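Worksheet for the structure shown next.
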Amino acid sequence: MSNTKTQHSDFELEQYTQEVFHEVNSLAYSDENGASKEDKFTEYIMEILAEAGETEGIRLCPYVKENRFENIDLKINGYSIEDGFESVDLFITHYSDTNEIYFLRKPEFDGLLKWSTKFLNAALKGHLNEIEPSTEAHGLASLMKKHNKDFIRINIFVVSNGNIPFDAPKTKIKGFDDLLVNVHIWDLERLHRLSQSKYNREPIEIDFKETLGVTIPCLEMPSKNDLYECYLAIVSGDTLAALYKNYGTRLLESNVRAFLQQTGKVNRGIRDTIRYNPEMFLPYNNGLATTAIDVKTEQIQGQNFITSVKDFQIVNGGQTTASLFHTFKKFKSDLSEVFVQMKLTVIKDEEKKNEMVPNISRYANSQNKVSELDLSSNNAFLIKLEELSRTTYAINPDDRNKQSIWFFERVKGQYKESLNKEPTAGKQRAFKLKYPTSQKILKSEVAKYMNIYNRIPYHVSKGAQKNYNIYLREAEKEYKKKKPTRIMWEDIVANAILFKATDKLFGRKNQDPIGDTNIKSHTVAYTLSLLHELTDGKINLGKIWNKQVIDESFQIELKKGLIYVYRFFTSLNVLLISEAAKSEKTWIKLLEQKKCPFNLEILKPYIVDEKEYKQRYEENEDDSAEIRKYDNLKRISDLGLRFWDGLFKYNIRTNILSKYEDNMLSSIRRKMKFSGNFTENEISVGVRIIKKLEQLKVNFKDITILSQLDEGERIDPSALYNRLLLIDSSMWSQIIDLGEQTGSLTFKELSVIKTVRQKLKRKENIDLKRMKIVDESLKKLKKFGIKV
């Protein structure tokens with residue numbers, strides 16, 4: 001007779017339950033302050049959701065208030081506040097210390113909702129003055145009271161290591177009728193699905209009929225095919241504003257450009273039409289292009305209506321949607337007369353989605369002109385470049401103690417959008433210091449710099465659009481084999497510095513240029529490609545990156561090259577030099593001159609030797625990325641707990657850090673003291689804080705002496721991580737077997753080892769304390785022949 005449990009078990013879910021159980025146990029064991037398992041579970045899940053993009057700027061905030069009968073009255077476990085105070089995320093947790101699948105009962109679920117909504121109500125209305133002022137909960141409650149008119153939406157995250165078989169209810173706070181309160185249930189099954197999808201954000205599912213009380217009249221395209229369905233619809237302004245209120249920019253994730261504020265002609269026009277001629281919005285506006293992977297419709301009196309959609313995205317018309325909401329919010333405009341036409345493409349094959357969405361944007365676009373450059377914004381290669389650009393600091397050549405970042409503008413208008421998000425003039429000045437305007441690099445410029453470096457200047461001469469298409473096509477092929485690295489971004493910037501210096505050397509019109517400035521761009525491109533050709537692509541880009549300037553002796557050689565190439569162009573027997581520059585034959589003809597305008601002996605210090613070249617380009621980039629992460633972690637940990645504690649006190653007095661940086665500082669300080677379980681974002685912001693203080697010439701010793709804490713033992717995470725990397729799969733199994741069979745290791749130590757082993761395999765973050773516990777456990781097994 002077969003076993004019923006075996007028949008109906010979800011083995012993957014059971015395995016995930018074990019993973020979560022060991023993770024929480026090992027986190028609790030490594031926390032010297034004896035934090036509860038519920039707190040460690042909350043922290044763990046918040047970090048998972050932050051990595052998945054469901055929340056950001058998370059902070060643990062355990063708070064419980066009991067009534068006179070000693071029953072829970074209010075409770076919260078953590079929170080996150082969005083920069084700009086549009087959203088607040090509150091976390092409420094149910095955790096059971098078990099490695100088996102269990103279900104929450106209705107009274108338990110109802111209790112979680114009641115406690116968290118009562119906390120929300122009391123915080124918004126300022127009824128939590130009795131909270132101890134030194135606690136995190138007091139700070140949260142004060143902030144929520146202060147900004148209660150700024151919030152658009154509150155998200156209550158109910159998290160549990162059990163399964164919750166109940167739907168999220170609708171919730172309102174009395175006195176805050178315009179405030180949207182969303183309840184999100186993250187139980188074991190949903191967390192498991194998230195882990196399986198490798199942290200892809202869950203798709204937006206909208207039941208128009210159920211949640212908004214509307215259905216959308218539509219026409220379905222008459223013919224059928226296996227690839228897609230298409231619907232034409234009319235959507236009310238109220239519906240679109242409600243969608244943006246609920247989901248914000250998540251609706252626009254596939255959009256090709258950032259929302260450019262209500263400053264451009266198009267956006268002001270949208271706003272003014274909504275306010276003064278709402279009935280004319282439909283004929284004036286070009287409408288939305290949207291996509292989904294599933295749609296439900298029903299017929300009412302012979303008319304077709306859309307009732308729900310899955311994975312709904314606005315790929316064109318994001319500005320229209322955002323403008324509707326913001327105009328309604330700012331001017332209380334009546335949207336009942338506003339209607340927008342919508343084309344909804346339902347992509348049946350999910351694998352085709354990433355291919356089709358940019359094409360839909362390409363051909364359905366209206367409003368501001370969108371070029372091929374805009375349409376490629378969501379390309380994975382470009383997303384990775386953007387990520388690298390935001391975390392790679394360059395020295396200031398005039399003051400090597402200062403640092404700044406080269407800003408890669410992946411989306412048109414992104415730099416201006418980021419600048420405009422800074423709330424004060426002072427913060428905007430600080431933004432420009434960190435991201436100087438002169439260090440903004442466009443997608444088309446990346447293509448120009450790199451195609452010059454790749455010695456195809458004739459493509460560069462074809463113009464930004466064509467050159468970009470050629471570059472991206474080749475870059476995508478390379479990306480499939482190998483992801484962009486920090487070294488690659490440094491090389492792009494080095495080529496940008498080289499190009500800018502050479503361009504300046506040619507001179508400007510009416511300012512004693514080398515020659516006709518109409519062929520300046522072609523001369524500069526060909527000169528630099530010739531330089532790379534004659535040096536076999538071995539110009540020391542690492543040196544240029546490190547110095548951030550081109551030395552004078554190098555500049556003299558570049559000017560020689562410009563004169564040589566300019567004379568070559570002007571000697572050509574052609575009608576238009578600009579047209580000739582687009583031909584590969586012209587490039588070949590230049591190379592056939594067999595002359596070298598550069599003094600290679602003088603350039604020798606700027607040419608990389610074989611050993612340096614291999615060190616820079618042939619290392620294992622996957623491991624090096626992890627190693628760099630732990631080197632950054634070392635920078636944070638080397639400063640010590642007392643520094644971060646002192647900085648926390650120093651910032652209260654000076655407000656030297658932004659609110660977001662202060663949130664991260666608080667988290668770093670707590671984790672330095674207790675667990676050390678840093679997320680990648682905390683590591684990144686931690687290093688950013690260090691560099692910011694260095695730029696401002698803050699004395700680190702003065703900050704450290706503000707703390708009265710004991711320092712505790714220092715740990716070198718980089719060295720520990722590198723040692724643990726050397727342990728292979730069979731050795732890990734041997735370690736666990738020996739620990740269990742000999743009784744040398746406790747259950748808690750084994751939990752930590754199993755967790756760390758899994759994290760190394762997945763290249764996930766590992767906190768300092770757990771690495772140390774593994775190290776000490778391995779020492780216990782030395783007598784059995786385990787040597788690492």
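Going through the structure tokens in order, the chains are called A, B, and so on, while each chain numbers its residues from 1 and the ligands are numbered from 1 in the order shown.
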
Fewer than 2 positions away in the same chain doesn't count, so skip those; otherwise give me all residues within 9 Å of Phe119 (chain A), counting only C-alpha atoms, as a PDB file with C-alpha atoms, in the first residue's frame.
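Full text of out35.pdb as output:
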ATOM      1  CA  ASP A  73      -2.949  45.112  21.137  1.00  0.00           C
ATOM      2  CA  LEU A  74      -0.447  46.480  18.576  1.00  0.00           C
ATOM      3  CA  LYS A  75       2.422  44.764  16.839  1.00  0.00           C
ATOM      4  CA  ILE A  76       4.920  45.415  14.053  1.00  0.00           C
ATOM      5  CA  LYS A 114      -5.667  43.644  13.470  1.00  0.00           C
ATOM      6  CA  TRP A 115      -2.371  44.347  15.293  1.00  0.00           C
ATOM      7  CA  SER A 116      -0.638  45.854  12.262  1.00  0.00           C
ATOM      8  CA  THR A 117      -3.583  48.035  11.165  1.00  0.00           C
ATOM      9  CA  ASN A 121      -3.859  53.898  12.635  1.00  0.00           C
ATOM     10  CA  ALA A 122      -2.201  54.980  15.889  1.00  0.00           C
ATOM     11  CA  ALA A 123       1.052  56.001  14.173  1.00  0.00           C
ATOM     12  CA  LEU A 124      -0.666  58.137  11.512  1.00  0.00           C
ATOM     13  CA  LEU A 128       1.993  56.359  20.095  1.00  0.00           C
ATOM     14  CA  ALA A 141       5.786  56.385  14.570  1.00  0.00           C
TER      15      ALA A 141
END

Looking at only C-alpha atoms, which of A:Ser578, A:Ser637, A:Asn573, A:Asn540 is the one that sits closest to Ile607 (chain A)?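 When distances to Ile607 (chain A) are compared using only C-alpha atoms, the smallest one comes from A:Asn540.
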
For a quick check of understanding, using only C-alpha atoms, which of A:Lys443, A:His22, A:Lys604, A:Lys701 has the smallest distance to Leu647 (chain A)?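 Using only C-alpha atoms, the shortest distance to Leu647 (chain A) belongs to A:Lys701.
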
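Coordinates place CA of Ile689 (chain A) at a distance of 9.4 Å from CA of Asp662 (chain A).
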
Tell me, which residues of region 427-674 of chain A carry DSSP alpha helix (DSSP H), written as a ChimeraX atom specification? /A:427-434,443-453,457-460,464-481,486-506,520-534,541-547,552-570,577-580,584-591,600-603,610-617,621-654,659-673

Between CA of Ile539 (chain A) and CA of Pro436 (chain A) - distance in Å to one decimal: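 A separation of 25.9 Å between them.
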
Do a neighbour search on region 178-192 of chain A at 9 Å with only C-alpha atoms, toss out local chain neighbours closer than 5 positions, and write the hits as a PyMOL selection string. chain A and resi 12-13+16-17+45+48-49+101+113+149+151-164+166-173+197+245-246

Using only C-alpha atoms, which residue out of A:Ile544, A:Val698, A:Ala580, A:Leu657 lies closest to Lys427 (chain A)?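 So, comparing all the options, the nearest one is A:Leu657.
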
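The nearest approach to Ser26 (chain A) among the residues A:Asn225, A:Tyr458, A:Gln758, A:Ile753, with only C-alpha atoms taken into account, belongs to A:Ile753.
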
Residues near region 58-65 of chain A, anyone? I mean within 9 Å using only C-alpha atoms, not counting same-chain ones fewer than 4 positions away, as JSON, numbers by chain. {"A": [39, 42, 43, 46, 47, 50, 70, 71, 72, 73, 74, 75, 76, 77, 78, 79, 80, 81, 89, 91, 115, 135, 136, 137, 140, 663, 664, 666, 667]}

Using DSSP assignments from the backbone, pull out every residue in region 86-179 of chain A that falls under strand (DSSP E) and give it to me as a list of chain:residue names.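 Of region 86-179 of chain A, only A:Ser87, A:Val88, A:Asp89, A:Leu90, A:Phe91, A:Ile92, A:Thr93, A:His94, A:Arg153, A:Ile154, A:Asn155, A:Ile156, A:Phe157, A:Val158, A:Val159, A:Ser160 fall in strand (DSSP E).
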
Taken to one decimal, the CA of Thr517 (chain A)-CA of Lys440 (chain A) distance is 23.7 Å

Within 9 Å of His522 (chain A), counting only C-alpha atoms, which residues show up once you throw out same-chain ones fewer than 4 positions away? Write them as a list in words, please. Pro457, Tyr458, Val460, Ser461, Asn518, Tyr526, Thr527, Tyr566, Phe569, Ile577, Ser578, Ala581 and Lys582 of chain A

Using C-alpha atoms, can you export the residues from the last selection as a PDB file, in the first residue's frame?
ATOM      1  CA  PRO A 457      35.861  54.168 -37.016  1.00  0.00           C
ATOM      2  CA  TYR A 458      33.977  53.978 -40.318  1.00  0.00           C
ATOM      3  CA  VAL A 460      31.299  55.603 -35.906  1.00  0.00           C
ATOM      4  CA  SER A 461      31.261  58.028 -38.838  1.00  0.00           C
ATOM      5  CA  ASN A 518      33.099  69.908 -40.064  1.00  0.00           C
ATOM      6  CA  TYR A 526      40.109  57.682 -37.066  1.00  0.00           C
ATOM      7  CA  THR A 527      43.044  59.069 -35.024  1.00  0.00           C
ATOM      8  CA  TYR A 566      43.431  65.395 -40.950  1.00  0.00           C
ATOM      9  CA  PHE A 569      41.349  63.141 -45.157  1.00  0.00           C
ATOM     10  CA  ILE A 577      34.964  63.636 -46.774  1.00  0.00           C
ATOM     11  CA  SER A 578      32.096  62.923 -44.367  1.00  0.00           C
ATOM     12  CA  ALA A 581      34.712  58.435 -43.694  1.00  0.00           C
ATOM     13  CA  LYS A 582      31.755  56.013 -43.566  1.00  0.00           C
TER      14      LYS A 582
END
